[in-house]
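See below for upload-v9.pdb, which holds PDB, C-alpha atoms.
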```pdb
ATOM      1  CA  MET Q   1      21.920  64.655 117.202  1.00  0.00           C
ATOM      2  CA  SER Q   2      22.947  68.255 117.651  1.00  0.00           C
ATOM      3  CA  GLY Q   3      26.259  69.052 119.230  1.00  0.00           C
ATOM      4  CA  GLU Q   4      24.888  72.297 120.616  1.00  0.00           C
ATOM      5  CA  TYR Q   5      23.820  70.830 123.964  1.00  0.00           C
ATOM      6  CA  TYR Q   6      27.147  68.996 124.306  1.00  0.00           C
ATOM      7  CA  ARG Q   7      29.045  72.252 123.692  1.00  0.00           C
ATOM      8  CA  LEU Q   8      26.851  74.102 126.189  1.00  0.00           C
ATOM      9  CA  LEU Q   9      27.552  71.530 128.913  1.00  0.00           C
ATOM     10  CA  TRP Q  10      31.273  71.486 128.117  1.00  0.00           C
ATOM     11  CA  ARG Q  11      31.510  75.299 128.252  1.00  0.00           C
ATOM     12  CA  ARG Q  12      29.721  75.308 131.591  1.00  0.00           C
ATOM     13  CA  ALA Q  13      32.081  72.625 132.883  1.00  0.00           C
ATOM     14  CA  GLU Q  14      35.079  74.706 131.823  1.00  0.00           C
ATOM     15  CA  ARG Q  15      33.669  77.781 133.584  1.00  0.00           C
ATOM     16  CA  PHE Q  16      33.215  75.838 136.816  1.00  0.00           C
ATOM     17  CA  LEU Q  17      36.812  74.645 136.576  1.00  0.00           C
ATOM     18  CA  ILE Q  18      37.966  78.237 136.085  1.00  0.00           C
ATOM     19  CA  ARG Q  19      35.943  79.237 139.152  1.00  0.00           C
ATOM     20  CA  ALA Q  20      37.495  76.396 141.156  1.00  0.00           C
ATOM     21  CA  ILE Q  21      40.996  77.567 140.246  1.00  0.00           C
ATOM     22  CA  ARG Q  22      40.090  81.157 141.080  1.00  0.00           C
ATOM     23  CA  ASP Q  23      38.551  80.090 144.401  1.00  0.00           C
ATOM     24  CA  LEU Q  24      41.726  78.214 145.280  1.00  0.00           C
ATOM     25  CA  ASP Q  25      43.813  81.294 144.465  1.00  0.00           C
ATOM     26  CA  GLU Q  26      41.474  83.432 146.598  1.00  0.00           C
ATOM     27  CA  ARG Q  27      41.590  80.922 149.483  1.00  0.00           C
ATOM     28  CA  ASP Q  28      37.908  80.039 149.195  1.00  0.00           C
ATOM     29  CA  TYR Q  29      38.606  76.360 149.734  1.00  0.00           C
ATOM     30  CA  ASP Q  30      34.977  75.305 150.085  1.00  0.00           C
ATOM     31  CA  GLY Q  31      34.219  76.989 146.768  1.00  0.00           C
ATOM     32  CA  ALA Q  32      37.227  75.365 145.115  1.00  0.00           C
ATOM     33  CA  CYS Q  33      36.030  71.909 146.119  1.00  0.00           C
ATOM     34  CA  PHE Q  34      32.392  72.520 145.197  1.00  0.00           C
ATOM     35  CA  ASN Q  35      33.220  74.056 141.817  1.00  0.00           C
ATOM     36  CA  SER Q  36      35.683  71.260 141.029  1.00  0.00           C
ATOM     37  CA  GLU Q  37      32.967  68.654 141.608  1.00  0.00           C
ATOM     38  CA  GLU Q  38      30.459  70.599 139.533  1.00  0.00           C
ATOM     39  CA  ALA Q  39      33.002  70.911 136.710  1.00  0.00           C
ATOM     40  CA  ILE Q  40      33.556  67.153 136.603  1.00  0.00           C
ATOM     41  CA  GLN Q  41      29.840  66.407 136.739  1.00  0.00           C
ATOM     42  CA  LEU Q  42      29.084  68.679 133.795  1.00  0.00           C
ATOM     43  CA  ALA Q  43      32.033  67.449 131.740  1.00  0.00           C
ATOM     44  CA  VAL Q  44      30.979  63.817 132.188  1.00  0.00           C
ATOM     45  CA  LYS Q  45      27.367  64.713 131.397  1.00  0.00           C
ATOM     46  CA  ALA Q  46      28.590  66.370 128.201  1.00  0.00           C
ATOM     47  CA  LEU Q  47      30.215  63.110 127.097  1.00  0.00           C
ATOM     48  CA  LEU Q  48      27.202  61.063 128.148  1.00  0.00           C
ATOM     49  CA  TYR Q  49      25.107  63.236 125.885  1.00  0.00           C
ATOM     50  CA  LYS Q  50      27.601  63.329 123.023  1.00  0.00           C
ATOM     51  CA  TYR Q  51      28.167  59.586 122.788  1.00  0.00           C
ATOM     52  CA  PHE Q  52      24.970  58.098 124.191  1.00  0.00           C
ATOM     53  CA  ALA Q  53      22.314  60.847 123.882  1.00  0.00           C
ATOM     54  CA  GLU Q  54      21.785  60.497 127.606  1.00  0.00           C
ATOM     55  CA  VAL Q  55      20.805  63.357 129.895  1.00  0.00           C
ATOM     56  CA  PRO Q  56      21.247  61.888 133.373  1.00  0.00           C
ATOM     57  CA  ARG Q  57      19.528  63.370 136.379  1.00  0.00           C
ATOM     58  CA  ILE Q  58      22.097  61.904 138.722  1.00  0.00           C
ATOM     59  CA  HIS Q  59      24.910  63.670 140.529  1.00  0.00           C
ATOM     60  CA  GLY Q  60      28.273  62.664 141.879  1.00  0.00           C
ATOM     61  CA  SER Q  61      31.422  62.451 139.833  1.00  0.00           C
ATOM     62  CA  LYS Q  62      32.069  58.786 140.701  1.00  0.00           C
ATOM     63  CA  THR Q  63      28.505  57.788 139.875  1.00  0.00           C
ATOM     64  CA  LEU Q  64      28.608  59.639 136.562  1.00  0.00           C
ATOM     65  CA  LEU Q  65      32.038  58.262 135.656  1.00  0.00           C
ATOM     66  CA  ALA Q  66      30.759  54.761 136.445  1.00  0.00           C
ATOM     67  CA  ARG Q  67      27.758  55.351 134.185  1.00  0.00           C
ATOM     68  CA  LEU Q  68      30.011  56.544 131.364  1.00  0.00           C
ATOM     69  CA  ARG Q  69      32.333  53.582 131.843  1.00  0.00           C
ATOM     70  CA  ASN Q  70      29.438  51.107 131.857  1.00  0.00           C
ATOM     71  CA  LEU Q  71      27.970  52.519 128.664  1.00  0.00           C
ATOM     72  CA  PHE Q  72      31.338  52.248 126.936  1.00  0.00           C
ATOM     73  CA  MET Q  73      31.575  48.684 128.234  1.00  0.00           C
ATOM     74  CA  ASP Q  74      28.195  47.890 126.675  1.00  0.00           C
ATOM     75  CA  ALA Q  75      29.477  49.443 123.446  1.00  0.00           C
ATOM     76  CA  GLY Q  76      32.553  47.188 123.479  1.00  0.00           C
ATOM     77  CA  LYS Q  77      35.047  50.042 123.940  1.00  0.00           C
ATOM     78  CA  ASN Q  78      37.269  48.157 126.373  1.00  0.00           C
ATOM     79  CA  ASP Q  79      40.261  50.488 125.995  1.00  0.00           C
ATOM     80  CA  ILE Q  80      38.079  53.437 127.032  1.00  0.00           C
ATOM     81  CA  VAL Q  81      36.593  51.379 129.886  1.00  0.00           C
ATOM     82  CA  SER Q  82      40.071  50.592 131.225  1.00  0.00           C
ATOM     83  CA  PHE Q  83      41.231  54.186 130.818  1.00  0.00           C
ATOM     84  CA  ILE Q  84      38.298  55.625 132.788  1.00  0.00           C
ATOM     85  CA  GLY Q  85      38.482  52.823 135.355  1.00  0.00           C
ATOM     86  CA  ARG Q  86      42.169  53.523 135.988  1.00  0.00           C
ATOM     87  CA  PHE Q  87      41.454  57.199 136.589  1.00  0.00           C
ATOM     88  CA  VAL Q  88      38.693  56.399 139.090  1.00  0.00           C
ATOM     89  CA  SER Q  89      40.813  53.789 140.851  1.00  0.00           C
ATOM     90  CA  ASP Q  90      43.858  56.064 141.062  1.00  0.00           C
ATOM     91  CA  ASN Q  91      41.815  59.001 142.361  1.00  0.00           C
ATOM     92  CA  ARG Q  92      39.199  57.269 144.525  1.00  0.00           C
ATOM     93  CA  ASP Q  93      39.991  59.197 147.731  1.00  0.00           C
ATOM     94  CA  ALA Q  94      39.983  62.540 145.956  1.00  0.00           C
ATOM     95  CA  LEU Q  95      36.703  61.703 144.202  1.00  0.00           C
ATOM     96  CA  ASP Q  96      35.202  60.857 147.592  1.00  0.00           C
ATOM     97  CA  ILE Q  97      36.185  64.303 148.895  1.00  0.00           C
ATOM     98  CA  LEU Q  98      34.797  65.932 145.768  1.00  0.00           C
ATOM     99  CA  GLU Q  99      31.451  64.168 146.055  1.00  0.00           C
ATOM    100  CA  GLU Q 100      31.218  64.967 149.755  1.00  0.00           C
ATOM    101  CA  SER Q 101      32.021  68.631 149.081  1.00  0.00           C
ATOM    102  CA  TYR Q 102      29.095  68.976 146.688  1.00  0.00           C
ATOM    103  CA  ILE Q 103      26.805  69.086 149.721  1.00  0.00           C
ATOM    104  CA  MET Q 104      29.111  69.797 152.642  1.00  0.00           C
ATOM    105  CA  ALA Q 105      30.816  72.857 151.138  1.00  0.00           C
ATOM    106  CA  ARG Q 106      27.426  74.549 150.974  1.00  0.00           C
ATOM    107  CA  TYR Q 107      25.403  73.123 153.851  1.00  0.00           C
ATOM    108  CA  GLY Q 108      27.724  71.116 156.077  1.00  0.00           C
ATOM    109  CA  ALA Q 109      29.269  71.900 159.406  1.00  0.00           C
ATOM    110  CA  ILE Q 110      32.777  71.230 158.086  1.00  0.00           C
ATOM    111  CA  SER Q 111      35.046  73.435 156.045  1.00  0.00           C
ATOM    112  CA  TYR Q 112      37.760  72.403 153.608  1.00  0.00           C
ATOM    113  CA  GLY Q 113      41.399  73.368 153.928  1.00  0.00           C
ATOM    114  CA  GLU Q 114      44.004  74.330 151.402  1.00  0.00           C
ATOM    115  CA  SER Q 115      45.387  70.829 150.875  1.00  0.00           C
ATOM    116  CA  GLN Q 116      41.923  69.399 150.231  1.00  0.00           C
ATOM    117  CA  ALA Q 117      41.095  72.243 147.853  1.00  0.00           C
ATOM    118  CA  ARG Q 118      44.333  71.708 145.920  1.00  0.00           C
ATOM    119  CA  LEU Q 119      43.531  68.008 145.676  1.00  0.00           C
ATOM    120  CA  CYS Q 120      40.030  68.775 144.399  1.00  0.00           C
ATOM    121  CA  VAL Q 121      41.220  71.220 141.750  1.00  0.00           C
ATOM    122  CA  GLU Q 122      44.049  68.950 140.591  1.00  0.00           C
ATOM    123  CA  THR Q 123      41.682  65.996 140.371  1.00  0.00           C
ATOM    124  CA  ALA Q 124      39.223  68.036 138.329  1.00  0.00           C
ATOM    125  CA  LYS Q 125      42.040  69.032 135.961  1.00  0.00           C
ATOM    126  CA  LYS Q 126      43.023  65.369 135.609  1.00  0.00           C
ATOM    127  CA  ALA Q 127      39.396  64.412 134.966  1.00  0.00           C
ATOM    128  CA  PHE Q 128      39.255  66.944 132.131  1.00  0.00           C
ATOM    129  CA  GLU Q 129      42.452  65.487 130.672  1.00  0.00           C
ATOM    130  CA  VAL Q 130      40.965  61.991 130.845  1.00  0.00           C
ATOM    131  CA  LEU Q 131      37.708  63.068 129.220  1.00  0.00           C
ATOM    132  CA  LYS Q 132      39.519  64.955 126.461  1.00  0.00           C
ATOM    133  CA  GLU Q 133      41.640  61.867 125.828  1.00  0.00           C
ATOM    134  CA  VAL Q 134      38.480  59.752 125.591  1.00  0.00           C
ATOM    135  CA  GLU Q 135      37.203  62.127 122.930  1.00  0.00           C
ATOM    136  CA  ARG Q 136      40.534  62.054 121.114  1.00  0.00           C
ATOM    137  CA  ARG Q 137      40.551  58.247 121.070  1.00  0.00           C
ATOM    138  CA  LEU Q 138      37.012  58.110 119.727  1.00  0.00           C
ATOM    139  CA  GLY Q 139      37.758  60.617 117.000  1.00  0.00           C
TER     140      GLY Q 139
END
```
Output the structure of this file as C-alpha coordinates.
Amino acid sequence: MSGEYYRLLWRRAERFLIRAIRDLDERDYDGACFNSEEAIQLAVKALLYKYFAEVPRIHGSKTLLARLRNLFMDAGKNDIVSFIGRFVSDNRDALDILEESYIMARYGAISYGESQARLCVETAKKAFEVLKEVERRLG
(Lines of atoms letter the chains of each structure in order from A and count residues from 1; the text may use other names and numbers.)
(Lines give C-alpha, C1' and ligand atoms only; values in the text may rest on other atoms or scores of the structure.)
Protein backbone atom coordinates (compact mmCIF):
# COMPACT_ATOMS: atom_id res chain seq x y z
CA MET A 1 0.00 0.00 0.00
CA SER A 2 1.42 3.33 -1.05
CA GLY A 3 1.84 6.05 1.51
CA GLU A 4 1.33 8.71 -1.14
CA TYR A 5 -2.43 9.01 -0.61
CA TYR A 6 -1.97 9.09 3.17
CA ARG A 7 0.57 11.93 2.84
CA LEU A 8 -1.74 13.82 0.48
CA LEU A 9 -4.64 13.64 2.94
CA TRP A 10 -2.40 14.60 5.87
CA ARG A 11 -0.98 17.62 4.00
CA ARG A 12 -4.49 18.75 3.13
CA ALA A 13 -5.54 18.34 6.76
CA GLU A 14 -2.60 20.47 7.88
CA ARG A 15 -3.51 23.19 5.36
CA PHE A 16 -7.09 23.30 6.63
CA LEU A 17 -5.79 23.66 10.19
CA ILE A 18 -3.55 26.52 9.08
CA ARG A 19 -6.56 28.16 7.43
CA ALA A 20 -8.61 27.71 10.61
CA ILE A 21 -5.92 29.43 12.67
CA ARG A 22 -5.65 32.23 10.11
CA ASP A 23 -9.44 32.63 10.03
CA LEU A 24 -9.50 32.92 13.81
CA ASP A 25 -6.78 35.58 13.69
CA GLU A 26 -8.74 37.44 10.99
CA ARG A 27 -12.00 37.17 12.97
CA ASP A 28 -13.67 34.94 10.39
CA TYR A 29 -15.19 32.74 13.07
CA ASP A 30 -17.43 30.75 10.74
CA GLY A 31 -14.41 29.93 8.61
CA ALA A 32 -12.36 28.97 11.66
CA CYS A 33 -14.99 26.47 12.75
CA PHE A 34 -15.57 25.04 9.28
CA ASN A 35 -11.86 24.68 8.51
CA SER A 36 -11.20 23.10 11.91
CA GLU A 37 -13.82 20.42 11.22
CA GLU A 38 -12.46 19.79 7.73
CA ALA A 39 -8.93 19.47 9.14
CA ILE A 40 -10.01 16.81 11.63
CA GLN A 41 -12.00 14.91 9.02
CA LEU A 42 -9.05 14.73 6.63
CA ALA A 43 -6.56 13.82 9.35
CA VAL A 44 -8.74 10.94 10.55
CA LYS A 45 -9.30 9.80 6.97
CA ALA A 46 -5.53 9.78 6.49
CA LEU A 47 -5.14 7.37 9.40
CA LEU A 48 -8.07 5.25 8.24
CA TYR A 49 -6.30 4.85 4.94
CA LYS A 50 -2.84 4.33 6.41
CA TYR A 51 -3.80 1.61 8.88
CA PHE A 52 -6.88 0.03 7.33
CA ALA A 53 -6.74 0.91 3.60
CA GLU A 54 -10.16 2.46 4.03
CA VAL A 55 -11.40 5.46 2.07
CA PRO A 56 -14.61 6.41 3.86
CA ARG A 57 -17.27 8.49 2.18
CA ILE A 58 -18.64 9.64 5.50
CA HIS A 59 -18.26 13.02 7.16
CA GLY A 60 -18.30 14.28 10.70
CA SER A 61 -15.34 14.22 13.03
CA LYS A 62 -17.14 12.19 15.72
CA THR A 63 -18.37 9.63 13.20
CA LEU A 64 -14.91 9.27 11.68
CA LEU A 65 -13.21 9.06 15.08
CA ALA A 66 -15.71 6.37 16.09
CA ARG A 67 -14.93 4.45 12.90
CA LEU A 68 -11.19 4.68 13.59
CA ARG A 69 -11.69 3.60 17.19
CA ASN A 70 -13.88 0.65 16.18
CA LEU A 71 -11.35 -0.58 13.64
CA PHE A 72 -8.59 -0.43 16.23
CA MET A 73 -10.88 -2.31 18.61
CA ASP A 74 -11.35 -5.04 16.00
CA ALA A 75 -7.57 -5.13 15.62
CA GLY A 76 -7.11 -5.62 19.37
CA LYS A 77 -5.35 -2.28 19.93
CA ASN A 78 -7.10 -1.53 23.22
CA ASP A 79 -4.64 1.16 24.32
CA ILE A 80 -5.32 3.09 21.11
CA VAL A 81 -9.08 2.53 21.53
CA SER A 82 -8.98 3.99 25.05
CA PHE A 83 -6.80 6.91 23.96
CA ILE A 84 -9.14 7.93 21.12
CA GLY A 85 -12.22 7.29 23.27
CA ARG A 86 -10.90 9.56 26.01
CA PHE A 87 -10.32 12.37 23.53
CA VAL A 88 -13.87 12.07 22.15
CA SER A 89 -15.38 11.87 25.63
CA ASP A 90 -13.39 14.86 26.91
CA ASN A 91 -14.24 16.98 23.87
CA ARG A 92 -17.79 15.85 23.06
CA ASP A 93 -19.36 19.33 23.23
CA ALA A 94 -16.66 20.87 21.08
CA LEU A 95 -16.94 18.04 18.54
CA ASP A 96 -20.69 18.67 18.38
CA ILE A 97 -20.05 22.33 17.54
CA LEU A 98 -17.47 21.33 14.95
CA GLU A 99 -19.80 18.88 13.23
CA GLU A 100 -22.64 21.39 13.26
CA SER A 101 -20.38 24.08 11.80
CA TYR A 102 -19.54 21.93 8.79
CA ILE A 103 -22.97 22.77 7.40
CA MET A 104 -24.12 25.77 9.42
CA ALA A 105 -21.00 27.90 8.87
CA ARG A 106 -21.69 27.78 5.14
CA TYR A 107 -25.46 27.49 4.78
CA GLY A 108 -27.04 28.08 8.18
CA ALA A 109 -28.82 31.06 9.61
CA ILE A 110 -26.48 31.19 12.61
CA SER A 111 -23.00 32.60 12.89
CA TYR A 112 -20.22 31.55 15.24
CA GLY A 113 -18.56 33.84 17.74
CA GLU A 114 -15.00 34.19 18.89
CA SER A 115 -15.28 31.81 21.85
CA GLN A 116 -16.78 29.07 19.68
CA ALA A 117 -14.11 29.59 17.02
CA ARG A 118 -11.33 29.39 19.62
CA LEU A 119 -12.86 26.18 20.94
CA CYS A 120 -13.03 24.72 17.43
CA VAL A 121 -9.43 25.57 16.59
CA GLU A 122 -8.11 24.33 19.94
CA THR A 123 -10.05 21.09 19.58
CA ALA A 124 -8.66 20.58 16.09
CA LYS A 125 -5.13 21.12 17.42
CA LYS A 126 -5.79 18.56 20.17
CA ALA A 127 -7.18 16.11 17.61
CA PHE A 128 -3.96 16.42 15.60
CA GLU A 129 -1.93 15.76 18.75
CA VAL A 130 -4.02 12.67 19.48
CA LEU A 131 -3.68 11.35 15.93
CA LYS A 132 0.07 11.96 15.89
CA GLU A 133 0.35 10.12 19.20
CA VAL A 134 -1.61 7.20 17.73
CA GLU A 135 0.92 7.05 14.91
CA ARG A 136 3.81 7.29 17.35
CA ARG A 137 2.44 4.42 19.43
CA LEU A 138 1.97 2.24 16.37
CA GLY A 139 5.47 2.93 15.12
query = Do you have the CA of Leu138 (chain Q)-CA of Leu71 (chain Q) distance handy?
reply =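 So the two atoms, CA of Leu138 (chain Q) and CA of Leu71 (chain Q), lie 13.9 Å apart.
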ask   = At what distance in Å, to one decimal, does CA of Glu37 (chain Q) lie from CA of Tyr107 (chain Q)?
value =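 CA of Tyr107 (chain Q) sits 15.1 Å away from CA of Glu37 (chain Q).
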request  = Expand the PyMOL selection byres ((chain Q and resi 23) around 10) into the individual residues it matches in the shown file, reporting them as a ChimeraX atom specification.
outcome  = /Q:17-22,24-36,117,121
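Closest approach to Ser61 (chain Q) among Q:Asp74, Q:Glu38, Q:Glu14, Q:Glu122 is made by Q:Glu38 (distances from only C-alpha atoms).
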key: Sel. within 7 Å of pt (41.1, 65.7, 149.9), counting all atoms listed in the file, output as number ranges by chain   = Q: 93-94, 97, 115-117, 119-120
When you get a chance, write out N, CA, C and O atoms for region 56-73 of chain Q, as a PDB file, keeping the file's coordinate frame.
```pdb
ATOM      1  N   PRO Q  56      21.498  62.454 132.048  1.00  0.00           N
ATOM      2  CA  PRO Q  56      21.247  61.888 133.373  1.00  0.00           C
ATOM      3  C   PRO Q  56      20.822  62.928 134.389  1.00  0.00           C
ATOM      4  O   PRO Q  56      21.258  64.074 134.339  1.00  0.00           O
ATOM      5  N   ARG Q  57      19.975  62.513 135.284  1.00  0.00           N
ATOM      6  CA  ARG Q  57      19.528  63.370 136.379  1.00  0.00           C
ATOM      7  C   ARG Q  57      20.199  62.949 137.687  1.00  0.00           C
ATOM      8  O   ARG Q  57      19.662  63.173 138.765  1.00  0.00           O
ATOM      9  N   ILE Q  58      21.346  62.342 137.556  1.00  0.00           N
ATOM     10  CA  ILE Q  58      22.097  61.904 138.722  1.00  0.00           C
ATOM     11  C   ILE Q  58      23.261  62.861 138.956  1.00  0.00           C
ATOM     12  O   ILE Q  58      23.649  63.608 138.052  1.00  0.00           O
ATOM     13  N   HIS Q  59      23.780  62.824 140.164  1.00  0.00           N
ATOM     14  CA  HIS Q  59      24.910  63.670 140.529  1.00  0.00           C
ATOM     15  C   HIS Q  59      25.999  62.787 141.112  1.00  0.00           C
ATOM     16  O   HIS Q  59      25.787  61.625 141.398  1.00  0.00           O
ATOM     17  N   GLY Q  60      27.135  63.377 141.298  1.00  0.00           N
ATOM     18  CA  GLY Q  60      28.273  62.664 141.879  1.00  0.00           C
ATOM     19  C   GLY Q  60      29.225  62.235 140.782  1.00  0.00           C
ATOM     20  O   GLY Q  60      28.859  61.497 139.871  1.00  0.00           O
ATOM     21  N   SER Q  61      30.439  62.733 140.881  1.00  0.00           N
ATOM     22  CA  SER Q  61      31.422  62.451 139.833  1.00  0.00           C
ATOM     23  C   SER Q  61      31.697  60.962 139.694  1.00  0.00           C
ATOM     24  O   SER Q  61      31.774  60.450 138.571  1.00  0.00           O
ATOM     25  N   LYS Q  62      31.802  60.232 140.797  1.00  0.00           N
ATOM     26  CA  LYS Q  62      32.069  58.786 140.701  1.00  0.00           C
ATOM     27  C   LYS Q  62      30.894  58.057 140.062  1.00  0.00           C
ATOM     28  O   LYS Q  62      31.094  57.177 139.230  1.00  0.00           O
ATOM     29  N   THR Q  63      29.697  58.424 140.433  1.00  0.00           N
ATOM     30  CA  THR Q  63      28.505  57.788 139.875  1.00  0.00           C
ATOM     31  C   THR Q  63      28.415  58.057 138.372  1.00  0.00           C
ATOM     32  O   THR Q  63      28.132  57.150 137.587  1.00  0.00           O
ATOM     33  N   LEU Q  64      28.666  59.283 137.983  1.00  0.00           N
ATOM     34  CA  LEU Q  64      28.608  59.639 136.562  1.00  0.00           C
ATOM     35  C   LEU Q  64      29.731  58.976 135.776  1.00  0.00           C
ATOM     36  O   LEU Q  64      29.503  58.494 134.652  1.00  0.00           O
ATOM     37  N   LEU Q  65      30.925  58.947 136.331  1.00  0.00           N
ATOM     38  CA  LEU Q  65      32.038  58.262 135.656  1.00  0.00           C
ATOM     39  C   LEU Q  65      31.750  56.770 135.510  1.00  0.00           C
ATOM     40  O   LEU Q  65      32.062  56.167 134.476  1.00  0.00           O
ATOM     41  N   ALA Q  66      31.130  56.177 136.529  1.00  0.00           N
ATOM     42  CA  ALA Q  66      30.759  54.761 136.445  1.00  0.00           C
ATOM     43  C   ALA Q  66      29.718  54.549 135.343  1.00  0.00           C
ATOM     44  O   ALA Q  66      29.792  53.568 134.586  1.00  0.00           O
ATOM     45  N   ARG Q  67      28.778  55.452 135.245  1.00  0.00           N
ATOM     46  CA  ARG Q  67      27.758  55.351 134.185  1.00  0.00           C
ATOM     47  C   ARG Q  67      28.415  55.434 132.808  1.00  0.00           C
ATOM     48  O   ARG Q  67      28.101  54.647 131.912  1.00  0.00           O
ATOM     49  N   LEU Q  68      29.313  56.382 132.638  1.00  0.00           N
ATOM     50  CA  LEU Q  68      30.011  56.544 131.364  1.00  0.00           C
ATOM     51  C   LEU Q  68      30.819  55.287 131.043  1.00  0.00           C
ATOM     52  O   LEU Q  68      30.754  54.758 129.932  1.00  0.00           O
ATOM     53  N   ARG Q  69      31.533  54.795 132.024  1.00  0.00           N
ATOM     54  CA  ARG Q  69      32.333  53.582 131.843  1.00  0.00           C
ATOM     55  C   ARG Q  69      31.449  52.398 131.472  1.00  0.00           C
ATOM     56  O   ARG Q  69      31.766  51.637 130.551  1.00  0.00           O
ATOM     57  N   ASN Q  70      30.332  52.230 132.141  1.00  0.00           N
ATOM     58  CA  ASN Q  70      29.438  51.107 131.857  1.00  0.00           C
ATOM     59  C   ASN Q  70      28.839  51.185 130.454  1.00  0.00           C
ATOM     60  O   ASN Q  70      28.692  50.159 129.781  1.00  0.00           O
ATOM     61  N   LEU Q  71      28.507  52.376 130.015  1.00  0.00           N
ATOM     62  CA  LEU Q  71      27.970  52.519 128.664  1.00  0.00           C
ATOM     63  C   LEU Q  71      29.031  52.201 127.609  1.00  0.00           C
ATOM     64  O   LEU Q  71      28.723  51.573 126.590  1.00  0.00           O
ATOM     65  N   PHE Q  72      30.260  52.611 127.865  1.00  0.00           N
ATOM     66  CA  PHE Q  72      31.338  52.248 126.936  1.00  0.00           C
ATOM     67  C   PHE Q  72      31.604  50.744 126.980  1.00  0.00           C
ATOM     68  O   PHE Q  72      31.934  50.142 125.952  1.00  0.00           O
ATOM     69  N   MET Q  73      31.421  50.132 128.134  1.00  0.00           N
ATOM     70  CA  MET Q  73      31.575  48.684 128.234  1.00  0.00           C
ATOM     71  C   MET Q  73      30.512  47.988 127.368  1.00  0.00           C
ATOM     72  O   MET Q  73      30.826  47.070 126.606  1.00  0.00           O
TER      73      MET Q  73
END
```
